[in-house]
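What follows is a set of notes on a single structure, which appears directly below.
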Amino acid sequence: MKQLTVIYIDPDYKKNKDFYRHLSSFLNAASWKNKKKLYFKANEHKPDKNIDGMITVYKDPKCEDYCFTLHSDQLGFSAVPWIYFSTKYPLSRYFEMQKNKSDKDPDAIANFLTKYVYTTRTLGGSFLWPESWYKAYNMNRGNGKNDNKDNNKDNNIGYIEDRVDLTLLEIKHYFEYRELDDKKNFKYSGDILFRYYDNLDAQTWFGFFDSFEDYVDFFSV
């Protein structure tokens, strides 16, 4: 059998331990700078504590007060044609439009695509979600199908289509809800992310940030 050559692998692929080690160092440095109260450790494997995460979150630097694990999902897409170049993803459709323009220089198109991928594949270019609800949320914000009717609330499953702007908008709404005194008339309760507001891991993770602006600044360090 002919062996397939792997052209590209996501930086946040679980076996890419160097990426998670560097990402944890980045988070800890930013945490120290902003005087936050969480500590991050990469690539831990502790079956006795049910820890096998990419990044483990602790409440103290001695790694004694365990919180939860984080799963990374990088911004943008991986530029793997047989997976992402389809009509499902808005970003891919846009890239295909650039690629198929006959009046474009092929080298210029390749440079455009390459620049996009490399500028988004940075340590700060990561969405980090608590592992306890990562799969359910990521499937719902992407184009995955979920047979669980509770996860198909308001028929908005997949409406984000992996878009960074809409994901950030839901995170912004999350912080807006947190600051509301009267939460009964919240306008964005149909958000996919809003379903996880009461999740303790979600509250701890987003509680790590003072505001949406702080969240954005943190990953812009």
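In the structure tokens, chains take letters A, B, ... by order of appearance, with residues numbered from 1 within each chain and ligands from 1 in the order shown.
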
Skip Lys14 of chain A itself and residues of its chain fewer than 5 positions away, then list as a ChimeraX atom specification all residues within 9 Å of it, counting only C-alpha atoms.
/A:20,43,53-54,71-72

For those residues, write N, CA and C atoms to a file as a short mmCIF file (atom, residue, chain, number, x, y, z; two decimals), in the first residue's frame.
data_model
loop_
_atom_site.label_atom_id
_atom_site.label_comp_id
_atom_site.auth_asym_id
_atom_site.auth_seq_id
_atom_site.Cartn_x
_atom_site.Cartn_y
_atom_site.Cartn_z
N TYR A 20 1.80 22.97 22.52
CA TYR A 20 1.11 23.18 23.79
C TYR A 20 2.05 23.62 24.90
N ASN A 43 0.49 19.13 28.35
CA ASN A 43 0.80 17.73 28.06
C ASN A 43 0.83 16.82 29.28
N GLY A 53 -5.05 16.02 29.16
CA GLY A 53 -5.41 17.16 28.34
C GLY A 53 -4.23 17.83 27.68
N MET A 54 -4.55 18.65 26.71
CA MET A 54 -3.52 19.42 26.04
C MET A 54 -2.95 20.48 26.98
N HIS A 71 -8.95 22.81 25.57
CA HIS A 71 -8.73 22.30 24.21
C HIS A 71 -8.55 23.50 23.30
N SER A 72 -7.52 23.46 22.46
CA SER A 72 -7.24 24.56 21.56
C SER A 72 -7.87 24.34 20.19
#

Skip Arg21 of chain A itself and residues of its chain fewer than 5 positions away, then list as a ChimeraX atom specification all residues within 12 Å of it, counting only C-alpha atoms.
/A:11-12,14-16,26-28,40-44,53-56,123

Using only C-alpha atoms, which of the listed residues (A:Leu168, A:Phe175, A:Tyr39, A:Tyr159) sits closest to Gln203 of chain A?
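Among the listed residues, the smallest separation from Gln203 of chain A belongs to A:Phe175.
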
All residues 10 Å or closer to Phe219 of chain A, only C-alpha atoms, same chain fewer than 2 positions away omitted, as number ranges by chain
A: 26-27, 30, 123-127, 214-217, 221

Expressed in Å to a single decimal, how great is the separation between atom CA of Leu180 of chain A and atom CA of Ala136 of chain A?
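It comes out at 26.1 Å.
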
Quick one: DSSP alpha helix (DSSP H) residues in segment 180-216 of chain A, as a ChimeraX atom specification?
/A:200-207,212-216

Please write the residues from the selection above to a file, keeping N, CA, C and O atoms, as a PDB file, in the first residue's frame.
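File written: again_34.pdb
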ATOM      1  N   LEU A 200     -19.608  25.369  35.114  1.00  0.00           N
ATOM      2  CA  LEU A 200     -18.624  25.894  36.066  1.00  0.00           C
ATOM      3  C   LEU A 200     -17.262  26.123  35.410  1.00  0.00           C
ATOM      4  O   LEU A 200     -16.572  27.104  35.721  1.00  0.00           O
ATOM      5  N   ASP A 201     -16.863  25.217  34.503  1.00  0.00           N
ATOM      6  CA  ASP A 201     -15.586  25.400  33.815  1.00  0.00           C
ATOM      7  C   ASP A 201     -15.616  26.641  32.933  1.00  0.00           C
ATOM      8  O   ASP A 201     -14.624  27.378  32.843  1.00  0.00           O
ATOM      9  N   ALA A 202     -16.762  26.878  32.296  1.00  0.00           N
ATOM     10  CA  ALA A 202     -16.898  28.065  31.454  1.00  0.00           C
ATOM     11  C   ALA A 202     -16.801  29.321  32.309  1.00  0.00           C
ATOM     12  O   ALA A 202     -16.126  30.297  31.944  1.00  0.00           O
ATOM     13  N   GLN A 203     -17.455  29.304  33.456  1.00  0.00           N
ATOM     14  CA  GLN A 203     -17.429  30.478  34.315  1.00  0.00           C
ATOM     15  C   GLN A 203     -16.037  30.733  34.869  1.00  0.00           C
ATOM     16  O   GLN A 203     -15.603  31.877  35.000  1.00  0.00           O
ATOM     17  N   THR A 204     -15.310  29.663  35.192  1.00  0.00           N
ATOM     18  CA  THR A 204     -13.940  29.830  35.685  1.00  0.00           C
ATOM     19  C   THR A 204     -13.037  30.363  34.583  1.00  0.00           C
ATOM     20  O   THR A 204     -12.238  31.276  34.804  1.00  0.00           O
ATOM     21  N   TRP A 205     -13.165  29.798  33.377  1.00  0.00           N
ATOM     22  CA  TRP A 205     -12.310  30.208  32.272  1.00  0.00           C
ATOM     23  C   TRP A 205     -12.571  31.657  31.874  1.00  0.00           C
ATOM     24  O   TRP A 205     -11.662  32.482  31.809  1.00  0.00           O
ATOM     25  N   PHE A 206     -13.830  32.009  31.626  1.00  0.00           N
ATOM     26  CA  PHE A 206     -14.130  33.378  31.237  1.00  0.00           C
ATOM     27  C   PHE A 206     -14.008  34.338  32.425  1.00  0.00           C
ATOM     28  O   PHE A 206     -13.797  35.539  32.236  1.00  0.00           O
ATOM     29  N   GLY A 207     -14.104  33.799  33.630  1.00  0.00           N
ATOM     30  CA  GLY A 207     -13.871  34.620  34.814  1.00  0.00           C
ATOM     31  C   GLY A 207     -12.423  35.025  34.959  1.00  0.00           C
ATOM     32  O   GLY A 207     -12.082  35.915  35.739  1.00  0.00           O
ATOM     33  N   PHE A 212     -14.599  41.591  27.886  1.00  0.00           N
ATOM     34  CA  PHE A 212     -14.321  41.141  26.533  1.00  0.00           C
ATOM     35  C   PHE A 212     -13.062  41.807  25.994  1.00  0.00           C
ATOM     36  O   PHE A 212     -12.245  41.175  25.320  1.00  0.00           O
ATOM     37  N   GLU A 213     -12.891  43.105  26.312  1.00  0.00           N
ATOM     38  CA  GLU A 213     -11.703  43.813  25.871  1.00  0.00           C
ATOM     39  C   GLU A 213     -10.445  43.185  26.470  1.00  0.00           C
ATOM     40  O   GLU A 213      -9.405  43.068  25.809  1.00  0.00           O
ATOM     41  N   ASP A 214     -10.544  42.774  27.725  1.00  0.00           N
ATOM     42  CA  ASP A 214      -9.418  42.104  28.377  1.00  0.00           C
ATOM     43  C   ASP A 214      -9.131  40.764  27.715  1.00  0.00           C
ATOM     44  O   ASP A 214      -7.967  40.382  27.546  1.00  0.00           O
ATOM     45  N   TYR A 215     -10.189  40.056  27.338  1.00  0.00           N
ATOM     46  CA  TYR A 215     -10.032  38.767  26.642  1.00  0.00           C
ATOM     47  C   TYR A 215      -9.255  38.959  25.343  1.00  0.00           C
ATOM     48  O   TYR A 215      -8.313  38.220  25.042  1.00  0.00           O
ATOM     49  N   VAL A 216      -9.642  39.968  24.550  1.00  0.00           N
ATOM     50  CA  VAL A 216      -8.974  40.232  23.280  1.00  0.00           C
ATOM     51  C   VAL A 216      -7.537  40.686  23.505  1.00  0.00           C
ATOM     52  O   VAL A 216      -6.611  40.208  22.849  1.00  0.00           O
TER      53      VAL A 216
END

As an exercise, work out the distance from atom CA of Pro130 of chain A to atom CA of Lys62 of chain A in Å and give it to one decimal place.
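Straight-line distance from atom CA of Pro130 of chain A to atom CA of Lys62 of chain A works out to 20.6 Å.
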